[in-house]
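Asker: Following this message is one structure expressed as structure tokens.
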Amino acid sequence: MPISFHIIVCGSLVPDPLQTLDVAVGPNGPGLKNEQMMPAVLDPWASHALYEAAHLAGQFPSSKVWLVSLSPKAKLQQVMMTVAQKVPFELVALDGSSSGFTDATETALALAEAIEAIPGLDRSKLLVFGGWESASRGAGVTLQVVGEQLGLLDQFQGVDELTVDADGSLRILERLEGGQQQISVCVGPPALLGWATGNLPEPRNNPQVGMVNMRTIMPALQKAKPTAVTPGVSYASVTLPEQRRTTRIVKDLTADQVAEDIVAWLSGPAQNS
């Protein structure tokens, strides 16, 4: 039988990285100040997972790609106007908060439920893709919990490359610590892959692909199920990391003296701690 895949990509929205972020605590807990007014983009980690999914589906006819997103419907519609022009996919939309302060488990349960409800999904062909990390949900566990809820025992995180052998087995290149990588072999779907950055470039905009995608995206947005994700956790305090910049202007130092000065500065905090 010819090889084909049903690929689910989980991805959320995040504020445009060029925006200045400031934490504000409201009646529903912490969030970002003026978050509703900020322009949004598809999470960069999830974006790469989507491009990898489309690349894989393009190699195997009859494969199909879905993008499952839990995000505010209005913002999702704006972002899809751009993302739809990149690669072919079908959108499954959940209308809810994409805040990084929502509980990862609650988010994963909602995503898993939406995936299980996709008509015609063949679990024998199922690959669940997503970001290894997240630009908003930095706990890095949402995708793993999705896999557990779907009963996917074969999970791979920090994936940089996926190739399919002639027998349908998956050869997966994963990141390890210290700049090392390992090659894992999985007999085939179902499996879950959390993508790192890989080596694929961002696809160029293709208006024709966008027009085809929008035929299914707009109805999906209209049918987006309201999904309330309860906080699940409480925060004693929330602050953004401080930005520190210390500049010294010195003259007439040799290269060796500059290097020694930099080494002393880098090793200073470690010695003091």
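Here's how to read the names in the structure tokens: chain A, B, ... by the order shown, residue numbers from 1 in each chain, ligand numbers from 1 in the order shown.
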Neighbouring residues of Asp122 of chain A were defined as those with any atom within 9 Å, considering only C-alpha atoms; residues of the same chain fewer than 4 positions away were excluded. Please report them as JSON, numbers by chain.

Answerer: {"A": [5, 6, 126]}

Asker: Just want the 12 Å neighbourhood of Gly151 of chain A, counted on only C-alpha atoms, with same-chain residues fewer than 2 positions away dropped. Output as a list of chain:residue names.

Answerer: A:Ala112, A:Glu116, A:Arg123, A:Leu126, A:Val128, A:Gln144, A:Val145, A:Val146, A:Gly147, A:Glu148, A:Gln149, A:Leu153, A:Asp154, A:Gln155, A:Pro189, A:Pro190, A:Ala191, A:Leu192

Asker: In terms of the shortest atom-to-atom distance over only C-alpha atoms, which of A:Glu52, A:Asn206, A:Asp95, A:Ala228 is closest to Pro72 of chain A?

Answerer: A:Asp95

Asker: Under the rule that only C-alpha atoms are counted, which of A:Thr107, A:Ser47, A:Gln85, A:Ser71 is the nearest residue to Val209 of chain A?

Answerer: A:Gln85

Asker: Counting only C-alpha atoms, which residues in segment 93-212 of chain A sit no more than 8 Å from segment 60-69 of chain A? For each one, give the nearest pair of atoms and the distance in Å, sorted by chain then residue number, as a tab-separated table.

Answerer:
```
residue	atom	partner	partner_atom	distance
A:Ala93	CA	A:Ser69	CA	5.3
A:Leu94	CA	A:Ser69	CA	6.0
A:Leu111	CA	A:Val68	CA	7.1
A:Ala114	CA	A:Val68	CA	7.6
A:Ile115	CA	A:Val68	CA	7.4
```

Asker: Write the residues of the selection above to a file with N, CA and C atoms, as an mmCIF file, in the first residue's frame.

Answerer:
```
data_model
loop_
_atom_site.group_PDB
_atom_site.id
_atom_site.type_symbol
_atom_site.label_atom_id
_atom_site.label_comp_id
_atom_site.auth_asym_id
_atom_site.auth_seq_id
_atom_site.Cartn_x
_atom_site.Cartn_y
_atom_site.Cartn_z
ATOM 1 N N ALA A 93 -10.374 25.183 14.626
ATOM 2 C CA ALA A 93 -10.248 26.340 15.512
ATOM 3 C C ALA A 93 -11.027 26.132 16.795
ATOM 4 N N LEU A 94 -10.395 26.507 17.909
ATOM 5 C CA LEU A 94 -11.041 26.579 19.213
ATOM 6 C C LEU A 94 -10.952 28.024 19.679
ATOM 7 N N LEU A 111 -7.118 20.555 23.328
ATOM 8 C CA LEU A 111 -6.558 20.223 22.019
ATOM 9 C C LEU A 111 -6.779 18.755 21.678
ATOM 10 N N ALA A 114 -10.309 18.128 20.598
ATOM 11 C CA ALA A 114 -10.566 18.620 19.248
ATOM 12 C C ALA A 114 -9.969 17.690 18.198
ATOM 13 N N ILE A 115 -8.800 17.146 18.481
ATOM 14 C CA ILE A 115 -8.164 16.221 17.533
ATOM 15 C C ILE A 115 -8.988 14.953 17.380
#
```

Asker: If we count only C-alpha atoms and set the cut-off at 8 Å, which residues sit around Val79 of chain A, ignoring sequence neighbours fewer than 5 positions away in its own chain? Please answer as a VMD selection string.

Answerer: chain A and resid 40 to 42

Asker: Smallest atom-to-atom distance to Glu174 of chain A: which of A:Ala54, A:Ile249, A:Met80, A:Val159, using only C-alpha atoms?

Answerer: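 The shortest atom-to-atom distance to Glu174 of chain A comes from A:Val159.
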
Asker: Residues at most 10 Å from Pro44 of chain A, counting only C-alpha atoms, excluding those fewer than 4 positions away in the same chain, as a list of chain:residue names?

Answerer: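 So, after excluding close chain neighbours, the residues are A:Gly11, A:Ser12, A:Leu13, A:Val14, A:Pro17, A:His48, A:Ala49, A:Leu50, A:Gly131, A:Glu133, A:Ser134, A:Ala135, A:Ala196, A:Thr197.
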
Asker: Mind writing the picked residues with N, CA and C atoms as a PDB file, in the first residue's frame?

Answerer:
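Dumped to part-v4.pdb:
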```
ATOM      1  N   GLY A  11      -0.802  24.482  17.284  1.00  0.00           N
ATOM      2  CA  GLY A  11      -0.123  25.773  17.313  1.00  0.00           C
ATOM      3  C   GLY A  11      -1.018  26.864  17.854  1.00  0.00           C
ATOM      4  N   SER A  12      -0.437  27.759  18.637  1.00  0.00           N
ATOM      5  CA  SER A  12      -1.176  28.855  19.224  1.00  0.00           C
ATOM      6  C   SER A  12      -0.643  30.187  18.701  1.00  0.00           C
ATOM      7  N   LEU A  13      -1.295  31.256  19.111  1.00  0.00           N
ATOM      8  CA  LEU A  13      -0.863  32.599  18.730  1.00  0.00           C
ATOM      9  C   LEU A  13      -0.062  33.220  19.856  1.00  0.00           C
ATOM     10  N   VAL A  14       0.868  34.078  19.487  1.00  0.00           N
ATOM     11  CA  VAL A  14       1.667  34.823  20.466  1.00  0.00           C
ATOM     12  C   VAL A  14       1.758  36.266  19.989  1.00  0.00           C
ATOM     13  N   PRO A  17       6.741  39.518  18.133  1.00  0.00           N
ATOM     14  CA  PRO A  17       7.953  39.685  18.953  1.00  0.00           C
ATOM     15  C   PRO A  17       8.516  41.093  18.977  1.00  0.00           C
ATOM     16  N   HIS A  48       7.199  26.370  12.390  1.00  0.00           N
ATOM     17  CA  HIS A  48       8.132  25.435  11.779  1.00  0.00           C
ATOM     18  C   HIS A  48       7.530  24.039  11.704  1.00  0.00           C
ATOM     19  N   ALA A  49       6.807  23.634  12.745  1.00  0.00           N
ATOM     20  CA  ALA A  49       6.151  22.329  12.716  1.00  0.00           C
ATOM     21  C   ALA A  49       5.166  22.247  11.555  1.00  0.00           C
ATOM     22  N   LEU A  50       4.457  23.347  11.281  1.00  0.00           N
ATOM     23  CA  LEU A  50       3.516  23.372  10.165  1.00  0.00           C
ATOM     24  C   LEU A  50       4.247  23.235   8.831  1.00  0.00           C
ATOM     25  N   GLY A 131       5.430  22.517  18.418  1.00  0.00           N
ATOM     26  CA  GLY A 131       6.706  23.087  18.809  1.00  0.00           C
ATOM     27  C   GLY A 131       7.288  22.349  20.004  1.00  0.00           C
ATOM     28  N   GLU A 133       9.197  23.670  22.098  1.00  0.00           N
ATOM     29  CA  GLU A 133       8.943  24.670  23.128  1.00  0.00           C
ATOM     30  C   GLU A 133       7.827  25.578  22.637  1.00  0.00           C
ATOM     31  N   SER A 134       7.619  26.668  23.303  1.00  0.00           N
ATOM     32  CA  SER A 134       6.579  27.609  22.923  1.00  0.00           C
ATOM     33  C   SER A 134       7.010  29.009  23.294  1.00  0.00           C
ATOM     34  N   ALA A 135       6.601  29.959  22.460  1.00  0.00           N
ATOM     35  CA  ALA A 135       6.928  31.345  22.752  1.00  0.00           C
ATOM     36  C   ALA A 135       6.008  31.929  23.823  1.00  0.00           C
ATOM     37  N   ALA A 196      12.112  21.253  16.789  1.00  0.00           N
ATOM     38  CA  ALA A 196      13.023  22.359  17.071  1.00  0.00           C
ATOM     39  C   ALA A 196      13.001  23.274  15.840  1.00  0.00           C
ATOM     40  N   THR A 197      14.140  23.692  15.358  1.00  0.00           N
ATOM     41  CA  THR A 197      14.165  24.629  14.229  1.00  0.00           C
ATOM     42  C   THR A 197      14.431  23.965  12.895  1.00  0.00           C
TER      43      THR A 197
END
```

Asker: So that I can see what lies close to segment 169-172 of chain A, please list as a PyMOL selection string the residues with an atom at most 10 Å from it, counting only C-alpha atoms and leaving out residues fewer than 2 positions away in the same chain.

Answerer: chain A and resi 156-167+174-175+182-189+191+193

Asker: If you run DSSP on the backbone, which residues of segment 49-258 of chain A are strand (DSSP E or B), as JSON, numbers by chain?

Answerer: {"A": [64, 65, 66, 67, 68, 69, 70, 71, 90, 91, 92, 93, 94, 95, 126, 127, 128, 129, 130, 131, 155, 156, 157, 158, 159, 160, 161, 162, 163, 164, 170, 171, 172, 173, 174, 175, 181, 182, 183, 184, 185, 186, 191, 192, 193, 194, 195, 225, 226]}
